[in-house]
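This is input_22.cif (mmCIF, C-alpha atoms (C1' of nucleotides)).
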```cif
data_my_file
loop_
_atom_site.group_PDB
_atom_site.id
_atom_site.type_symbol
_atom_site.label_atom_id
_atom_site.label_comp_id
_atom_site.auth_asym_id
_atom_site.auth_seq_id
_atom_site.Cartn_x
_atom_site.Cartn_y
_atom_site.Cartn_z
ATOM 1 C CA MET A 1 4.310 -15.356 -12.613
ATOM 2 C CA PRO A 2 5.215 -12.804 -10.057
ATOM 3 C CA GLU A 3 4.546 -13.075 -6.394
ATOM 4 C CA LEU A 4 5.654 -10.488 -3.861
ATOM 5 C CA PRO A 5 9.413 -11.165 -4.138
ATOM 6 C CA GLU A 6 9.338 -10.854 -7.913
ATOM 7 C CA VAL A 7 7.350 -7.624 -7.774
ATOM 8 C CA GLU A 8 9.694 -6.203 -5.143
ATOM 9 C CA THR A 9 12.709 -7.275 -7.202
ATOM 10 C CA THR A 10 11.161 -5.497 -10.177
ATOM 11 C CA ARG A 11 10.550 -2.357 -8.123
ATOM 12 C CA ARG A 12 14.132 -2.260 -6.919
ATOM 13 C CA GLY A 13 15.457 -2.813 -10.412
ATOM 14 C CA VAL A 14 13.358 -0.171 -12.097
ATOM 15 C CA ALA A 15 13.203 2.598 -9.478
ATOM 16 C CA PRO A 16 16.781 3.945 -9.648
ATOM 17 C CA HIS A 17 16.539 4.490 -13.393
ATOM 18 C CA ILE A 18 13.370 6.531 -13.319
ATOM 19 C CA GLU A 19 12.860 8.202 -9.947
ATOM 20 C CA GLY A 20 13.086 11.945 -10.445
ATOM 21 C CA GLN A 21 12.727 11.597 -14.218
ATOM 22 C CA ARG A 22 9.983 13.157 -16.277
ATOM 23 C CA VAL A 23 7.782 11.134 -18.581
ATOM 24 C CA VAL A 24 8.123 12.303 -22.174
ATOM 25 C CA ASP A 25 6.027 9.668 -23.941
ATOM 26 C CA VAL A 26 3.637 6.794 -23.319
ATOM 27 C CA VAL A 27 3.215 4.144 -26.003
ATOM 28 C CA VAL A 28 0.322 1.685 -25.731
ATOM 29 C CA ARG A 29 0.675 -1.007 -28.406
ATOM 30 C CA ASN A 30 -2.025 -3.238 -26.963
ATOM 31 C CA GLY A 31 -4.248 -1.840 -24.258
ATOM 32 C CA ARG A 32 -6.377 -4.950 -23.903
ATOM 33 C CA LEU A 33 -5.034 -6.114 -20.563
ATOM 34 C CA ARG A 34 -7.096 -7.380 -17.649
ATOM 35 C CA TYR A 35 -8.703 -3.962 -17.596
ATOM 36 C CA PRO A 36 -8.442 -1.741 -20.660
ATOM 37 C CA VAL A 37 -5.521 0.658 -20.406
ATOM 38 C CA PRO A 38 -7.249 4.039 -20.113
ATOM 39 C CA ASP A 39 -7.174 6.150 -23.287
ATOM 40 C CA THR A 40 -6.401 9.144 -21.135
ATOM 41 C CA LEU A 41 -3.171 7.642 -19.778
ATOM 42 C CA PRO A 42 -0.749 9.453 -22.125
ATOM 43 C CA ARG A 43 -2.442 12.790 -21.509
ATOM 44 C CA GLU A 44 -2.341 12.278 -17.746
ATOM 45 C CA LEU A 45 1.177 10.905 -17.463
ATOM 46 C CA ILE A 46 3.257 12.773 -20.048
ATOM 47 C CA GLY A 47 5.060 15.685 -18.460
ATOM 48 C CA GLN A 48 4.810 14.283 -14.951
ATOM 49 C CA ARG A 49 7.858 13.495 -12.843
ATOM 50 C CA ILE A 50 8.081 10.058 -11.198
ATOM 51 C CA ASP A 51 8.592 10.942 -7.547
ATOM 52 C CA CYS A 52 9.034 7.373 -6.354
ATOM 53 C CA VAL A 53 8.167 3.777 -7.134
ATOM 54 C CA GLN A 54 6.332 1.987 -4.339
ATOM 55 C CA ARG A 55 4.770 -1.430 -3.918
ATOM 56 C CA ARG A 56 1.554 -2.506 -2.217
ATOM 57 C CA GLY A 57 1.062 -6.264 -2.346
ATOM 58 C CA LYS A 58 1.720 -7.186 -5.961
ATOM 59 C CA TYR A 59 0.852 -3.727 -7.248
ATOM 60 C CA LEU A 60 3.564 -1.297 -8.332
ATOM 61 C CA LEU A 61 2.773 2.375 -7.734
ATOM 62 C CA PHE A 62 4.522 5.055 -9.757
ATOM 63 C CA ARG A 63 3.780 8.236 -7.862
ATOM 64 C CA THR A 64 3.605 11.645 -9.498
ATOM 65 C CA ALA A 65 2.272 14.987 -8.329
ATOM 66 C CA ALA A 66 -0.797 14.592 -10.550
ATOM 67 C CA GLY A 67 -1.659 10.984 -9.798
ATOM 68 C CA THR A 68 -0.362 7.442 -9.624
ATOM 69 C CA LEU A 69 0.340 4.881 -12.326
ATOM 70 C CA ILE A 70 -0.731 1.483 -11.001
ATOM 71 C CA VAL A 71 0.857 -1.601 -12.592
ATOM 72 C CA HIS A 72 0.085 -5.241 -11.891
ATOM 73 C CA LEU A 73 2.108 -7.971 -13.593
ATOM 74 C CA GLY A 74 -0.604 -10.621 -13.514
ATOM 75 C CA MET A 75 0.610 -14.119 -14.244
ATOM 76 C CA SER A 76 3.100 -13.559 -17.037
ATOM 77 C CA GLY A 77 4.063 -9.901 -16.830
ATOM 78 C CA SER A 78 7.508 -8.402 -16.485
ATOM 79 C CA LEU A 79 8.626 -4.818 -16.343
ATOM 80 C CA ARG A 80 12.107 -3.726 -17.227
ATOM 81 C CA VAL A 81 14.101 -0.690 -18.156
ATOM 82 C CA VAL A 82 15.497 -0.634 -21.671
ATOM 83 C CA LYS A 83 17.405 2.044 -23.524
ATOM 84 C CA GLY A 84 15.836 3.779 -26.475
ATOM 85 C CA GLY A 85 16.327 1.967 -29.736
ATOM 86 C CA GLU A 86 15.713 -1.538 -28.440
ATOM 87 C CA GLU A 87 12.931 -2.874 -30.600
ATOM 88 C CA ALA A 88 9.678 -3.908 -28.943
ATOM 89 C CA GLN A 89 8.826 -7.618 -29.118
ATOM 90 C CA LYS A 90 5.480 -9.246 -29.726
ATOM 91 C CA HIS A 91 4.120 -8.990 -26.182
ATOM 92 C CA ASP A 92 5.646 -5.646 -25.206
ATOM 93 C CA HIS A 93 2.347 -3.862 -24.710
ATOM 94 C CA VAL A 94 3.178 -0.600 -22.950
ATOM 95 C CA ASP A 95 6.215 1.731 -22.872
ATOM 96 C CA VAL A 96 6.724 4.679 -20.571
ATOM 97 C CA VAL A 97 9.527 6.800 -22.004
ATOM 98 C CA MET A 98 11.564 8.946 -19.638
ATOM 99 C CA ALA A 99 13.470 12.162 -20.327
ATOM 100 C CA ASN A 100 16.804 10.419 -19.732
ATOM 101 C CA GLY A 101 16.096 7.960 -22.547
ATOM 102 C CA CYS A 102 15.126 5.039 -20.292
ATOM 103 C CA ILE A 103 11.999 3.177 -21.296
ATOM 104 C CA VAL A 104 9.944 1.243 -18.761
ATOM 105 C CA ARG A 105 8.564 -1.603 -20.849
ATOM 106 C CA LEU A 106 5.750 -3.955 -19.858
ATOM 107 C CA ARG A 107 5.819 -7.395 -21.428
ATOM 108 C CA ASP A 108 2.836 -9.632 -20.674
ATOM 109 C CA PRO A 109 2.013 -12.550 -23.003
ATOM 110 C CA ARG A 110 -1.138 -13.615 -21.197
ATOM 111 C CA ARG A 111 -2.391 -10.073 -20.630
ATOM 112 C CA PHE A 112 -3.609 -10.763 -17.095
ATOM 113 C CA GLY A 113 -1.717 -7.679 -15.963
ATOM 114 C CA ALA A 114 -3.054 -4.168 -15.520
ATOM 115 C CA VAL A 115 -1.958 -0.604 -16.172
ATOM 116 C CA LEU A 116 -4.200 1.982 -14.551
ATOM 117 C CA TRP A 117 -4.156 5.625 -13.538
ATOM 118 C CA THR A 118 -5.642 7.143 -10.421
ATOM 119 C CA VAL A 119 -5.699 10.694 -9.134
ATOM 120 C CA GLU A 120 -6.840 9.660 -5.683
ATOM 121 C CA ASP A 121 -4.632 8.231 -2.977
ATOM 122 C CA PRO A 122 -3.813 4.830 -4.507
ATOM 123 C CA VAL A 123 -4.268 3.221 -1.108
ATOM 124 C CA ARG A 124 -7.962 4.017 -1.500
ATOM 125 C CA HIS A 125 -8.241 2.605 -5.004
ATOM 126 C CA ASP A 126 -10.802 -0.190 -5.304
ATOM 127 C CA LEU A 127 -8.193 -2.809 -6.157
ATOM 128 C CA ILE A 128 -5.933 -1.854 -3.272
ATOM 129 C CA ALA A 129 -8.159 -0.614 -0.469
ATOM 130 C CA HIS A 130 -9.283 -4.077 0.635
ATOM 131 C CA LEU A 131 -5.896 -5.759 0.692
ATOM 132 C CA GLY A 132 -4.627 -7.407 3.846
ATOM 133 C CA PRO A 133 -1.375 -6.458 5.601
ATOM 134 C CA GLU A 134 2.071 -6.693 4.078
ATOM 135 C CA PRO A 135 3.608 -9.992 5.187
ATOM 136 C CA LEU A 136 6.934 -8.348 6.018
ATOM 137 C CA ASP A 137 5.285 -5.713 8.241
ATOM 138 C CA SER A 138 5.128 -6.188 11.993
ATOM 139 C CA THR A 139 1.319 -6.023 11.838
ATOM 140 C CA PHE A 140 1.402 -9.417 10.148
ATOM 141 C CA SER A 141 1.853 -12.077 12.796
ATOM 142 C CA GLY A 142 0.789 -15.505 13.926
ATOM 143 C CA ASP A 143 -1.752 -13.918 16.242
ATOM 144 C CA TYR A 144 -3.241 -12.027 13.311
ATOM 145 C CA LEU A 145 -3.564 -15.209 11.233
ATOM 146 C CA PHE A 146 -5.020 -17.063 14.176
ATOM 147 C CA GLN A 147 -7.689 -14.416 14.753
ATOM 148 C CA GLN A 148 -8.535 -14.144 11.055
ATOM 149 C CA SER A 149 -8.913 -17.878 10.658
ATOM 150 C CA ARG A 150 -11.326 -18.707 13.484
ATOM 151 C CA GLY A 151 -14.359 -20.544 12.187
ATOM 152 C CA LYS A 152 -12.948 -20.949 8.684
ATOM 153 C CA LYS A 153 -13.189 -24.293 6.975
ATOM 154 C CA GLN A 154 -11.140 -23.171 4.012
ATOM 155 C CA ALA A 155 -7.858 -25.022 3.422
ATOM 156 C CA VAL A 156 -4.983 -23.169 5.059
ATOM 157 C CA LYS A 157 -3.097 -22.904 1.772
ATOM 158 C CA LEU A 158 -5.998 -21.059 0.141
ATOM 159 C CA PHE A 159 -6.410 -18.991 3.285
ATOM 160 C CA VAL A 160 -2.862 -17.624 3.192
ATOM 161 C CA MET A 161 -3.137 -17.031 -0.561
ATOM 162 C CA ASP A 162 -6.214 -14.818 -0.054
ATOM 163 C CA SER A 163 -5.032 -11.235 -0.539
ATOM 164 C CA GLN A 164 -7.702 -9.977 1.856
ATOM 165 C CA ARG A 165 -5.921 -11.920 4.580
ATOM 166 C CA VAL A 166 -2.340 -11.125 3.643
ATOM 167 C CA VAL A 167 -0.884 -9.890 0.361
ATOM 168 C CA GLY A 168 1.862 -11.329 -1.765
ATOM 169 C CA VAL A 169 1.722 -15.032 -0.930
ATOM 170 C CA GLY A 170 1.184 -16.770 -4.249
ATOM 171 C CA ASN A 171 1.242 -20.416 -5.176
ATOM 172 C CA ILE A 172 4.980 -21.039 -5.019
ATOM 173 C CA TYR A 173 5.624 -19.385 -1.669
ATOM 174 C CA ALA A 174 2.454 -20.765 -0.092
ATOM 175 C CA ASN A 175 3.747 -24.271 -0.802
ATOM 176 C CA GLU A 176 7.193 -23.403 0.509
ATOM 177 C CA ALA A 177 6.004 -21.637 3.653
ATOM 178 C CA LEU A 178 3.680 -24.494 4.625
ATOM 179 C CA PHE A 179 6.563 -26.912 4.235
ATOM 180 C CA LEU A 180 8.832 -24.759 6.396
ATOM 181 C CA ALA A 181 6.070 -24.561 9.012
ATOM 182 C CA GLY A 182 5.338 -28.307 8.891
ATOM 183 C CA ILE A 183 1.653 -27.774 8.070
ATOM 184 C CA ARG A 184 -0.313 -29.741 5.482
ATOM 185 C CA PRO A 185 -1.923 -27.495 2.890
ATOM 186 C CA ARG A 186 -5.409 -29.032 3.128
ATOM 187 C CA ILE A 187 -5.897 -28.554 6.875
ATOM 188 C CA ALA A 188 -8.850 -26.281 7.649
ATOM 189 C CA ALA A 189 -7.563 -22.816 8.529
ATOM 190 C CA GLY A 190 -9.884 -22.606 11.527
ATOM 191 C CA LYS A 191 -8.463 -25.740 13.133
ATOM 192 C CA ILE A 192 -4.840 -24.633 13.339
ATOM 193 C CA SER A 193 -3.511 -23.562 16.720
ATOM 194 C CA GLN A 194 -2.122 -20.179 17.672
ATOM 195 C CA ARG A 195 1.242 -21.787 18.231
ATOM 196 C CA ARG A 196 1.334 -23.246 14.726
ATOM 197 C CA TYR A 197 0.257 -19.941 13.194
ATOM 198 C CA ALA A 198 3.192 -18.273 14.908
ATOM 199 C CA VAL A 199 5.471 -20.712 13.113
ATOM 200 C CA LEU A 200 3.631 -20.220 9.817
ATOM 201 C CA ALA A 201 3.804 -16.425 9.959
ATOM 202 C CA GLU A 202 7.553 -16.630 10.547
ATOM 203 C CA ALA A 203 7.899 -19.110 7.683
ATOM 204 C CA ILE A 204 6.059 -16.777 5.328
ATOM 205 C CA LYS A 205 8.256 -13.859 6.355
ATOM 206 C CA SER A 206 11.477 -15.797 6.019
ATOM 207 C CA VAL A 207 10.705 -17.410 2.669
ATOM 208 C CA LEU A 208 9.610 -14.109 1.129
ATOM 209 C CA ALA A 209 12.564 -12.201 2.562
ATOM 210 C CA GLU A 210 15.027 -14.815 1.348
ATOM 211 C CA ALA A 211 13.439 -14.882 -2.100
ATOM 212 C CA ILE A 212 13.804 -11.096 -2.348
ATOM 213 C CA THR A 213 17.470 -11.450 -1.402
ATOM 214 C CA GLN A 214 17.882 -13.982 -4.210
ATOM 215 C CA GLY A 215 16.184 -11.745 -6.760
ATOM 216 C CA GLY A 216 12.977 -13.775 -6.937
ATOM 217 C CA THR A 217 12.131 -17.088 -8.554
ATOM 218 C CA THR A 218 12.514 -17.651 -12.283
ATOM 219 C CA LEU A 219 10.726 -20.787 -13.432
ATOM 220 C CA ARG A 220 10.353 -19.841 -17.052
ATOM 221 C CA ASP A 221 10.405 -16.181 -17.826
ATOM 222 C CA PHE A 222 10.605 -13.885 -14.806
ATOM 223 C CA VAL A 223 13.204 -11.163 -15.246
ATOM 224 C CA ASN A 224 14.011 -8.255 -12.963
ATOM 225 C CA GLY A 225 14.082 -4.588 -13.960
ATOM 226 C CA SER A 226 17.314 -5.179 -15.847
ATOM 227 C CA GLY A 227 16.214 -8.309 -17.670
ATOM 228 C CA GLN A 228 18.083 -10.726 -15.371
ATOM 229 C CA PRO A 229 16.511 -13.894 -13.890
ATOM 230 C CA GLY A 230 16.119 -14.616 -10.168
ATOM 231 C CA TYR A 231 17.869 -17.425 -8.298
ATOM 232 C CA PHE A 232 15.443 -18.510 -5.614
ATOM 233 C CA GLN A 233 14.205 -21.461 -7.682
ATOM 234 C CA GLN A 234 17.323 -23.271 -6.469
ATOM 235 C CA GLN A 235 16.011 -22.998 -2.916
ATOM 236 C CA LEU A 236 12.531 -24.395 -3.611
ATOM 237 C CA LYS A 237 11.920 -27.413 -1.397
ATOM 238 C CA MET A 238 8.431 -28.386 -2.537
ATOM 239 C CA TYR A 239 7.136 -26.430 -5.506
ATOM 240 C CA GLY A 240 7.199 -28.512 -8.679
ATOM 241 C CA ARG A 241 8.812 -31.499 -6.941
ATOM 242 C CA GLY A 242 5.951 -33.980 -6.798
ATOM 243 C CA GLY A 243 7.273 -37.572 -6.702
ATOM 244 C CA ALA A 244 10.786 -36.456 -5.764
ATOM 245 C CA PRO A 245 12.344 -37.130 -2.323
ATOM 246 C CA CYS A 246 11.969 -34.499 0.382
ATOM 247 C CA ASP A 247 15.322 -32.777 1.023
ATOM 248 C CA HIS A 248 14.740 -32.998 4.735
ATOM 249 C CA CYS A 249 13.553 -36.576 5.302
ATOM 250 C CA GLY A 250 13.640 -38.380 1.965
ATOM 251 C CA ALA A 251 9.915 -39.171 1.879
ATOM 252 C CA THR A 252 8.233 -38.899 -1.506
ATOM 253 C CA ILE A 253 6.700 -35.471 -2.054
ATOM 254 C CA LYS A 254 2.974 -35.608 -2.723
ATOM 255 C CA ALA A 255 1.247 -33.575 -5.412
ATOM 256 C CA LEU A 256 -2.418 -32.605 -5.493
ATOM 257 C CA ARG A 257 -4.637 -29.804 -6.692
ATOM 258 C CA LEU A 258 -6.162 -27.335 -4.318
ATOM 259 C CA GLY A 259 -8.346 -24.554 -5.652
ATOM 260 C CA GLN A 260 -7.178 -25.524 -9.142
ATOM 261 C CA ARG A 261 -3.575 -24.823 -8.163
ATOM 262 C CA ALA A 262 -0.677 -27.251 -8.031
ATOM 263 C CA THR A 263 0.030 -28.154 -4.420
ATOM 264 C CA TYR A 264 2.937 -30.105 -2.944
ATOM 265 C CA TYR A 265 3.737 -31.335 0.521
ATOM 266 C CA CYS A 266 5.897 -33.795 2.370
ATOM 267 C CA PRO A 267 3.674 -36.388 4.088
ATOM 268 C CA SER A 268 6.343 -36.955 6.704
ATOM 269 C CA CYS A 269 7.445 -33.390 7.527
ATOM 270 C CA GLN A 270 3.983 -31.832 7.328
ATOM 271 C CA SER A 271 0.994 -32.782 9.454
ATOM 272 C "C1'" DA B 1 -20.956 -14.501 4.734
ATOM 273 C "C1'" DT B 2 -18.217 -18.095 2.899
ATOM 274 C "C1'" DG B 3 -16.125 -20.791 -0.407
ATOM 275 C "C1'" DC B 4 -15.836 -22.693 -4.713
ATOM 276 C "C1'" DG B 5 -15.492 -22.962 -9.794
ATOM 277 C "C1'" DG B 6 -15.120 -20.372 -13.984
ATOM 278 C "C1'" DA B 7 -13.293 -16.873 -16.555
ATOM 279 C "C1'" DC B 8 -9.793 -14.039 -18.564
ATOM 280 C "C1'" DC B 9 -5.292 -15.026 -22.309
ATOM 281 C "C1'" DT B 10 -1.167 -17.099 -24.738
ATOM 282 C "C1'" DG B 11 2.745 -20.066 -24.716
ATOM 283 C "C1'" DT B 12 4.996 -24.319 -23.541
ATOM 284 C "C1'" DT B 13 5.136 -28.976 -22.547
ATOM 285 C "C1'" DA B 14 3.420 -33.730 -22.007
ATOM 286 C "C1'" DG B 15 1.208 -37.407 -24.051
ATOM 287 C "C1'" DC B 16 -0.762 -40.098 -27.672
ATOM 288 C "C1'" DT C 1 6.657 -35.414 -36.438
ATOM 289 C "C1'" DG C 2 2.196 -33.561 -35.468
ATOM 290 C "C1'" DC C 3 -2.023 -32.801 -33.124
ATOM 291 C "C1'" DT C 4 -4.426 -32.112 -28.644
ATOM 292 C "C1'" DA C 5 -4.889 -31.463 -23.918
ATOM 293 C "C1'" DA C 6 -3.226 -29.901 -19.808
ATOM 294 C "C1'" DC C 7 -0.915 -26.636 -17.348
ATOM 295 C "C1'" DA C 8 1.373 -22.089 -15.971
ATOM 296 C "C1'" DG C 9 3.884 -17.481 -10.958
ATOM 297 C "C1'" DG C 10 -3.082 -13.979 -10.368
ATOM 298 C "C1'" DT C 11 -7.410 -12.557 -8.945
ATOM 299 C "C1'" DC C 12 -12.148 -10.886 -9.899
ATOM 300 C "C1'" DC C 13 -16.870 -12.312 -10.366
ATOM 301 C "C1'" DG C 14 -20.996 -14.885 -9.816
ATOM 302 C "C1'" DC C 15 -23.365 -18.538 -7.909
ATOM 303 C "C1'" DA C 16 -24.562 -22.044 -4.377
#
```
Just give me the structure as structure tokens.
Amino acid sequence: MPELPEVETTRRGVAPHIEGQRVVDVVVRNGRLRYPVPDTLPRELIGQRIDCVQRRGKYLLFRTAAGTLIVHLGMSGSLRVVKGGEEAQKHDHVDVVMANGCIVRLRDPRRFGAVLWTVEDPVRHDLIAHLGPEPLDSTFSGDYLFQQSRGKKQAVKLFVMDSQRVVGVGNIYANEALFLAGIRPRIAAGKISQRRYAVLAEAIKSVLAEAITQGGTTLRDFVNGSGQPGYFQQQLKMYGRGGAPCDHCGATIKALRLGQRATYYCPSCQS
DNA sequence: ATGCGGACCTGTTAGC
DNA sequence: TGCTAACAGGTCCGCA
């Protein structure tokens, strides 16, 4: 479900309710997520104050003096703040209860998400240490993509979705960014020019930034920290539109599968 | 080293 | 209407 804009939207929605608050309870209803939720989590987290909520790639980091709660939403996860008394639903697996009565509640039907605890600098955690740059940082550029891609035969769409290259570009926004940049998704990453990578890097930045502004994309069930959907789905030019006419030129949008993921492009606008 | 397919799960939808 | 298969926003692992 969530790509970078959805995770950032979640962070912004949740943070104001809990920053500075102490954790008074942790309820794990089902700890069988992608990795088992550690048994020690309640002992570690209860009593700690949430200093701030940060994001690295698609990971949310709840920082405390004693350590960091790491949350990943996987494919179907959502995190929102509810008031005490709201009954947990079937897939509400983890609650973090704050002193002010707010509950941070993780819902994740497919259980591809993760809830972990680390006492080290989270940036050095195994899952986070090897991530590529943030796409909205100045270190991420066309030149960077160009250098990273030399000699690679991998399709450019899979290349930009590789979190070791750059974080946060999932299936929806990869399709959209390649359309904006006029690049076909199957082209080998190593054969794309520096000039075209400059355009692609800007496309990635602009589509992610705009999606954050719109509160993310809700196709079926994404909700922000307050339970509200996003609106960026109205701006999608390619994703999910196979067989429909391209907004820009009217050509029929092609659909294919790349790396087992749904892929769409305009055969006229993208080359 | 690179790149690909499979695996992890459940819910929803498309198709017969 | 009901059953089955395919598909879904992620990403780690193992194998070629």
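The two atoms in question, atom CA of A:Ile46 and atom CA of A:Phe222, are spaced 28.1 Å apart.
Picked by the PyMOL selection byres ((chain A) within 7 of (chain B)) from the coordinates shown: Pro109, Arg110, Arg111 and Phe112 of chain A.
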Mind writing the picked residues with C-alpha atoms as a PDB file, in the frame of the given file?
```pdb
ATOM      1  CA  PRO A 109       2.013 -12.550 -23.003  1.00  0.00           C
ATOM      2  CA  ARG A 110      -1.138 -13.615 -21.197  1.00  0.00           C
ATOM      3  CA  ARG A 111      -2.391 -10.073 -20.630  1.00  0.00           C
ATOM      4  CA  PHE A 112      -3.609 -10.763 -17.095  1.00  0.00           C
TER       5      PHE A 112
END
```
May I have the residues of chain A within 12 Å of chain C, counting all atoms listed in the file, written as an mmCIF file with C-alpha atoms, in the coordinates of the input?
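Written output follows (out_35.cif):
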```
data_model
loop_
_atom_site.group_PDB
_atom_site.id
_atom_site.type_symbol
_atom_site.label_atom_id
_atom_site.label_comp_id
_atom_site.auth_asym_id
_atom_site.auth_seq_id
_atom_site.Cartn_x
_atom_site.Cartn_y
_atom_site.Cartn_z
ATOM 1 C CA MET A 1 4.310 -15.356 -12.613
ATOM 2 C CA PRO A 2 5.215 -12.804 -10.057
ATOM 3 C CA GLU A 3 4.546 -13.075 -6.394
ATOM 4 C CA LEU A 4 5.654 -10.488 -3.861
ATOM 5 C CA PRO A 5 9.413 -11.165 -4.138
ATOM 6 C CA GLU A 6 9.338 -10.854 -7.913
ATOM 7 C CA VAL A 7 7.350 -7.624 -7.774
ATOM 8 C CA ARG A 34 -7.096 -7.380 -17.649
ATOM 9 C CA TYR A 35 -8.703 -3.962 -17.596
ATOM 10 C CA GLY A 57 1.062 -6.264 -2.346
ATOM 11 C CA LYS A 58 1.720 -7.186 -5.961
ATOM 12 C CA TYR A 59 0.852 -3.727 -7.248
ATOM 13 C CA HIS A 72 0.085 -5.241 -11.891
ATOM 14 C CA LEU A 73 2.108 -7.971 -13.593
ATOM 15 C CA GLY A 74 -0.604 -10.621 -13.514
ATOM 16 C CA MET A 75 0.610 -14.119 -14.244
ATOM 17 C CA SER A 76 3.100 -13.559 -17.037
ATOM 18 C CA GLY A 77 4.063 -9.901 -16.830
ATOM 19 C CA SER A 78 7.508 -8.402 -16.485
ATOM 20 C CA PRO A 109 2.013 -12.550 -23.003
ATOM 21 C CA ARG A 110 -1.138 -13.615 -21.197
ATOM 22 C CA ARG A 111 -2.391 -10.073 -20.630
ATOM 23 C CA PHE A 112 -3.609 -10.763 -17.095
ATOM 24 C CA GLY A 113 -1.717 -7.679 -15.963
ATOM 25 C CA ALA A 114 -3.054 -4.168 -15.520
ATOM 26 C CA ASP A 126 -10.802 -0.190 -5.304
ATOM 27 C CA LEU A 127 -8.193 -2.809 -6.157
ATOM 28 C CA LEU A 131 -5.896 -5.759 0.692
ATOM 29 C CA MET A 161 -3.137 -17.031 -0.561
ATOM 30 C CA ASP A 162 -6.214 -14.818 -0.054
ATOM 31 C CA SER A 163 -5.032 -11.235 -0.539
ATOM 32 C CA GLN A 164 -7.702 -9.977 1.856
ATOM 33 C CA VAL A 167 -0.884 -9.890 0.361
ATOM 34 C CA GLY A 168 1.862 -11.329 -1.765
ATOM 35 C CA VAL A 169 1.722 -15.032 -0.930
ATOM 36 C CA GLY A 170 1.184 -16.770 -4.249
ATOM 37 C CA ASN A 171 1.242 -20.416 -5.176
ATOM 38 C CA ILE A 172 4.980 -21.039 -5.019
ATOM 39 C CA TYR A 173 5.624 -19.385 -1.669
ATOM 40 C CA ALA A 174 2.454 -20.765 -0.092
ATOM 41 C CA GLY A 216 12.977 -13.775 -6.937
ATOM 42 C CA THR A 217 12.131 -17.088 -8.554
ATOM 43 C CA THR A 218 12.514 -17.651 -12.283
ATOM 44 C CA LEU A 219 10.726 -20.787 -13.432
ATOM 45 C CA ARG A 220 10.353 -19.841 -17.052
ATOM 46 C CA ASP A 221 10.405 -16.181 -17.826
ATOM 47 C CA PHE A 222 10.605 -13.885 -14.806
ATOM 48 C CA GLN A 233 14.205 -21.461 -7.682
ATOM 49 C CA TYR A 239 7.136 -26.430 -5.506
ATOM 50 C CA GLY A 240 7.199 -28.512 -8.679
ATOM 51 C CA ARG A 257 -4.637 -29.804 -6.692
ATOM 52 C CA GLN A 260 -7.178 -25.524 -9.142
ATOM 53 C CA ARG A 261 -3.575 -24.823 -8.163
ATOM 54 C CA ALA A 262 -0.677 -27.251 -8.031
#
```
Interatomic distance (Å, one decimal) between atom CA of A:Leu145 and atom CA of A:Tyr197:
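Computed distance, atom CA of A:Leu145 to atom CA of A:Tyr197, equals 6.4 Å.
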Pairwise distance for atom CA of A:Tyr265 and atom CA of A:Ile253, rounded to one decimal in Å
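These atoms are spaced 5.7 Å apart.
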Output, as lines of an AutoDock Vina configuration file, the centre and edge lengths in Å (one decimal) of the axis-aligned box that contains all listed atoms of chain B with 3 Å of margin on each side.
```
center_x = -7.9
center_y = -27.1
center_z = -11.5
size_x = 32.1
size_y = 32.1
size_z = 38.4
```
Applied to this file, what does the PyMOL selection byres ((chain A and resi 60) around 10) return in terms of residues, put as a PyMOL selection string?
chain A and resi 7-8+10-11+53-59+61-63+68-73+115
Could you list the residues chosen by the PyMOL selection byres ((chain A and resi 20) around 12) in this structure as a PDB file with C-alpha atoms, in the frame of the given file?
```
ATOM      1  CA  ALA A  15      13.203   2.598  -9.478  1.00  0.00           C
ATOM      2  CA  PRO A  16      16.781   3.945  -9.648  1.00  0.00           C
ATOM      3  CA  HIS A  17      16.539   4.490 -13.393  1.00  0.00           C
ATOM      4  CA  ILE A  18      13.370   6.531 -13.319  1.00  0.00           C
ATOM      5  CA  GLU A  19      12.860   8.202  -9.947  1.00  0.00           C
ATOM      6  CA  GLN A  21      12.727  11.597 -14.218  1.00  0.00           C
ATOM      7  CA  ARG A  22       9.983  13.157 -16.277  1.00  0.00           C
ATOM      8  CA  VAL A  23       7.782  11.134 -18.581  1.00  0.00           C
ATOM      9  CA  GLY A  47       5.060  15.685 -18.460  1.00  0.00           C
ATOM     10  CA  GLN A  48       4.810  14.283 -14.951  1.00  0.00           C
ATOM     11  CA  ARG A  49       7.858  13.495 -12.843  1.00  0.00           C
ATOM     12  CA  ILE A  50       8.081  10.058 -11.198  1.00  0.00           C
ATOM     13  CA  ASP A  51       8.592  10.942  -7.547  1.00  0.00           C
ATOM     14  CA  CYS A  52       9.034   7.373  -6.354  1.00  0.00           C
ATOM     15  CA  VAL A  53       8.167   3.777  -7.134  1.00  0.00           C
ATOM     16  CA  PHE A  62       4.522   5.055  -9.757  1.00  0.00           C
ATOM     17  CA  ARG A  63       3.780   8.236  -7.862  1.00  0.00           C
ATOM     18  CA  THR A  64       3.605  11.645  -9.498  1.00  0.00           C
ATOM     19  CA  ALA A  65       2.272  14.987  -8.329  1.00  0.00           C
ATOM     20  CA  MET A  98      11.564   8.946 -19.638  1.00  0.00           C
ATOM     21  CA  ALA A  99      13.470  12.162 -20.327  1.00  0.00           C
ATOM     22  CA  ASN A 100      16.804  10.419 -19.732  1.00  0.00           C
TER      23      ASN A 100
END
```
Find, counting all atoms listed in the file, the residue in A:Glu44, A:Ala66, A:Val104, A:Gln194 that gets nearest to A:Pro122.
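Checking each of A:Glu44, A:Ala66, A:Val104, A:Gln194 against A:Pro122, counting all atoms listed in the file, the winner is A:Ala66.
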Extract, using only C-alpha atoms (C1' of nucleotides), all DNA, RNA and protein residues at most 9 Å from A:Val156, discarding same-chain residues fewer than 2 positions from it, and format them as a VMD selection string.
chain A and resid 149 153 to 154 158 to 161 178 183 to 190 192
